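For reference, the structure discussed in these notes is given below.
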Amino acid sequence: MTSAGRWRAFDEPLRALFESGRLSNALSLTIVGTAFTTFALLKLMGWPGLIGVLGTLVVLSVASFAAHRAAIEWQGLLPISLLVFVIWSALSTAWSSDPGTTLASALYQWSWAFLGIYLALVRDTIQVVRVVGDVLRFLLTLSLALEVLSGLLIDMPIAFLGIEGNIAHLGPIQGLFGSRNALALVSVIALVTFFVEWRTRSVTRGRAAYSLPLAVICLLLTRSPVAAVVIVVVVAAALALSLLRGVADERRRFSWQVTLAVASVVVGIVAWALRDPIIAALDAGHALNVRHALWIRMWDLTKVHPLIGWGWAGIWRDDQAPFVIADLLVGGEHQNGLNAYLDVLLQLGAAGLLLFGVLVVLALGRSWLIASNKRSVIHTWAPLVLIALLATSATESVTLVDYGWLLLVVCTVKASQNMSWRNALPHAPAGPALR
């Protein structure tokens, strides 16, 4: 056999492997599972182990991408707003006080962004929803099991995961996610995902009957004041989408869109005016005081480099300015600024915040319009998940790293697939369908 023949004998089975739907599904499950368990993986393996897992996923995704490249229509798919934001993050290495750390943080961000793009382009929306649903079903079940083990069976904390066994007192619990607010957000995302699975009949009735109560129980046991606000916002958005989807006439739908936008602004203003009684009703005064003290220090530090920021980090480094300064001033250690928007302002300056704002506004606006105009319920998943992420980002920097960033990228690319000005340009002939 010639060398060319031997290469074909090796290449064809390998190509068939990476083109297979089973491998794409398994890889997608692993990507989403890793994103949602970064806290637990860091506790188990540390940064070398997590980076090793992430690097392996990137390599496998590159190979799978290459196998599917002929079936992907690239024109108009990658949103410019996303590309510009991640490029600006990488460019901040040039003015960072610690270029090596900033470069490593940018590579970490780019890796998750690439995995998000892989999920969005190689998997259909219903497949993405099923993957997220399967992962969250398992993780919420495991989280609840560990809380029961800690609080009821062995009656002692699971220290390395931060589980204190509070389920005996009906919470607060945190499961595998590091904090009750993190578990609360994951539970909200799970609720949206499980509801869409149920409405699209992509899972059995028995699985849906198990999944929805599971997410509700986990959400209630977190006793998170942040979750109380977020779930109200998400439910209101879901009702608004349901109303819009029931309006057949396009002119009336546009009128309703404007009315809902104005109503949202009014409700926001009223909520801000009544913030003190709302905070008191949610018993969130202490948590907000801690955050407010940190935000004040972060705001002061943004004035040092107001336009371009201190340099991208994503996750705070306790030995790097300005994060060590902020921690010293408030007397504590933080992994993030507990506010994604202020965090971006600190790290990437006003220019970075503007780019991030354009990114999230376009992603939410496009996905909202798609969901309100298309009949399939599957299209409601992206805007509702984005609303949950962006609402939580006012008190947690969740959209900047790991699963929050991954989901933001997936929703952004999916929205761009359906609504992009570049779709009006002449298209190249489409490739064969994905296997």
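Chain labels A, B, ... are given in the sequence in which chains occur in the structure tokens; within each chain residues are numbered consecutively from 1, and ligands are likewise numbered from 1 in the order shown.
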
query = Mind checking DSSP for range 171-376 of chain A and telling me the helix (DSSP H, G or I) residues as a PyMOL selection string?
reply = chain A and resi 180-199+205-222+225-245+250-273+275-282+285-302+323-330+340-373

Give me the residues of range 71-190 of chain A that have any atom at most 10 Å from an atom of range 26-37 of chain A; for each, the nearest atom pair and the distance in Å, rounded to one decimal. Use only C-alpha atoms, sort by chain and number, and format it as CSV.
```
residue,atom,partner,partner_atom,distance
A:Trp112,CA,A:Ala35,CA,8.3
A:Leu115,CA,A:Ile31,CA,7.2
A:Gly116,CA,A:Ile31,CA,8.7
A:Tyr118,CA,A:Ser28,CA,8.7
A:Leu119,CA,A:Ser28,CA,6.6
A:Val122,CA,A:Ser28,CA,9.4
A:Arg123,CA,A:Ser28,CA,8.4
A:Gln127,CA,A:Ser28,CA,9.2
A:Val128,CA,A:Ser28,CA,8.0
A:Arg130,CA,A:Leu29,CA,9.3
A:Val131,CA,A:Leu29,CA,5.7
A:Val132,CA,A:Val32,CA,6.6
A:Gly133,CA,A:Leu29,CA,9.8
A:Asp134,CA,A:Leu29,CA,7.9
A:Val135,CA,A:Gly33,CA,5.8
A:Leu136,CA,A:Gly33,CA,8.1
A:Phe138,CA,A:Gly33,CA,9.3
A:Leu139,CA,A:Gly33,CA,8.3
A:Leu176,CA,A:Thr37,CA,7.0
A:Phe177,CA,A:Thr37,CA,6.8
A:Gly178,CA,A:Thr37,CA,9.5
A:Ala182,CA,A:Phe36,CA,9.9
A:Val186,CA,A:Phe36,CA,8.4
```

ask   = Between A:Asp98, A:Thr412, A:Leu83, A:Val235, which one has atoms that come closest to Asp319 in chain A, using only C-alpha atoms?
value =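 Comparing A:Asp98, A:Thr412, A:Leu83, A:Val235 against Asp319 in chain A, the winner is A:Asp98.
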
inquiry  = Excluding Leu214 in chain A and its own-chain neighbours fewer than 3 positions away, which residues fall within 9 Å of it when counting only C-alpha atoms? Please give them as JSON, numbers by chain.
reply    = {"A": [137, 140, 141, 144, 187, 191, 209, 210, 211, 217, 218, 219]}

message = Can you tell me which residues surround Arg297 in chain A at a distance of at most 12 Å, considering only C-alpha atoms, apart from same-chain residues fewer than 3 positions away, and format the answer as a PyMOL selection string?
response = chain A and resi 290-294+300-304+322-331+337+342-343+346

task = Name all residues at most 12 Å from Ser264 in chain A (count only C-alpha atoms; drop same-chain ones fewer than 5 positions away) and give them as a PyMOL selection string.
result = chain A and resi 233+236-237+240+256-259+269-271

inquiry  = Please compute the CA of Val129 in chain A-CA of Ile378 in chain A distance, one decimal, in Å.
reply    =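 That distance, rounded to one decimal, is 8.2 Å.
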
query = So which one's closest to Phe85 in chain A, A:Tyr341, A:Phe356, A:Trp47, A:Trp368? Using only C-alpha atoms, please.
reply =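 Once distances to Phe85 in chain A are computed over only C-alpha atoms, the minimum belongs to A:Phe356.
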
ask   = Residues at most 12 Å from Tyr108 in chain A, counting only C-alpha atoms, excluding those fewer than 4 positions away in the same chain, as a PyMOL selection string?
value = chain A and resi 35+47+50-55+58+86+89-90+101-104+112-115+312-315+400-402+405-406

query = At what distance in Å, to one decimal, does CA of Ala351 in chain A lie from CA of Pro306 in chain A?
reply =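 If I compute the distance from CA of Pro306 in chain A to CA of Ala351 in chain A, I get 8.7 Å.
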
8 Å contact set for range 150-164 of chain A, only C-alpha atoms, chain neighbours under 3 positions out, as a list in words =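 So the residues in contact are Ala40, Lys43, Leu146, Glu147, Ile167, Ala168, Ile173, Gln174, Gly175, Leu176 and Gly178 of chain A.
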
Requested write-out: N, CA and C atoms of the selected residues, as an mmCIF file, in the first residue's frame:
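Writing the result to again-v2.cif gives the following:
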```
data_model
loop_
_atom_site.group_PDB
_atom_site.id
_atom_site.type_symbol
_atom_site.label_atom_id
_atom_site.label_comp_id
_atom_site.auth_asym_id
_atom_site.auth_seq_id
_atom_site.Cartn_x
_atom_site.Cartn_y
_atom_site.Cartn_z
ATOM 1 N N ALA A 40 -16.524 23.328 40.996
ATOM 2 C CA ALA A 40 -16.216 22.014 41.563
ATOM 3 C C ALA A 40 -14.923 21.456 40.975
ATOM 4 N N LYS A 43 -11.946 22.994 42.612
ATOM 5 C CA LYS A 43 -11.734 22.443 43.945
ATOM 6 C C LYS A 43 -11.129 21.037 43.889
ATOM 7 N N LEU A 146 -26.020 15.800 47.311
ATOM 8 C CA LEU A 146 -24.902 16.165 48.193
ATOM 9 C C LEU A 146 -25.379 16.979 49.385
ATOM 10 N N GLU A 147 -26.348 17.843 49.181
ATOM 11 C CA GLU A 147 -26.897 18.615 50.300
ATOM 12 C C GLU A 147 -27.611 17.701 51.294
ATOM 13 N N ILE A 167 -29.601 22.082 54.442
ATOM 14 C CA ILE A 167 -30.887 21.620 53.932
ATOM 15 C C ILE A 167 -31.801 21.169 55.070
ATOM 16 N N ALA A 168 -31.216 20.766 56.207
ATOM 17 C CA ALA A 168 -32.030 20.384 57.370
ATOM 18 C C ALA A 168 -32.838 21.560 57.889
ATOM 19 N N ILE A 173 -28.936 26.604 50.459
ATOM 20 C CA ILE A 173 -28.040 25.600 49.912
ATOM 21 C C ILE A 173 -27.326 26.180 48.691
ATOM 22 N N GLN A 174 -26.227 25.532 48.307
ATOM 23 C CA GLN A 174 -25.474 26.005 47.137
ATOM 24 C C GLN A 174 -25.080 24.890 46.188
ATOM 25 N N GLY A 175 -25.166 23.647 46.630
ATOM 26 C CA GLY A 175 -24.834 22.528 45.760
ATOM 27 C C GLY A 175 -23.410 22.590 45.246
ATOM 28 N N LEU A 176 -23.240 22.286 43.971
ATOM 29 C CA LEU A 176 -21.914 22.224 43.348
ATOM 30 C C LEU A 176 -21.417 23.570 42.841
ATOM 31 N N GLY A 178 -20.911 26.767 44.348
ATOM 32 C CA GLY A 178 -20.069 27.716 45.070
ATOM 33 C C GLY A 178 -20.787 28.764 45.881
#
```

message = Between CA of Leu239 in chain A and CA of Pro79 in chain A, what is the distance in Å, rounded to a tenth?
response = 28.3 Å
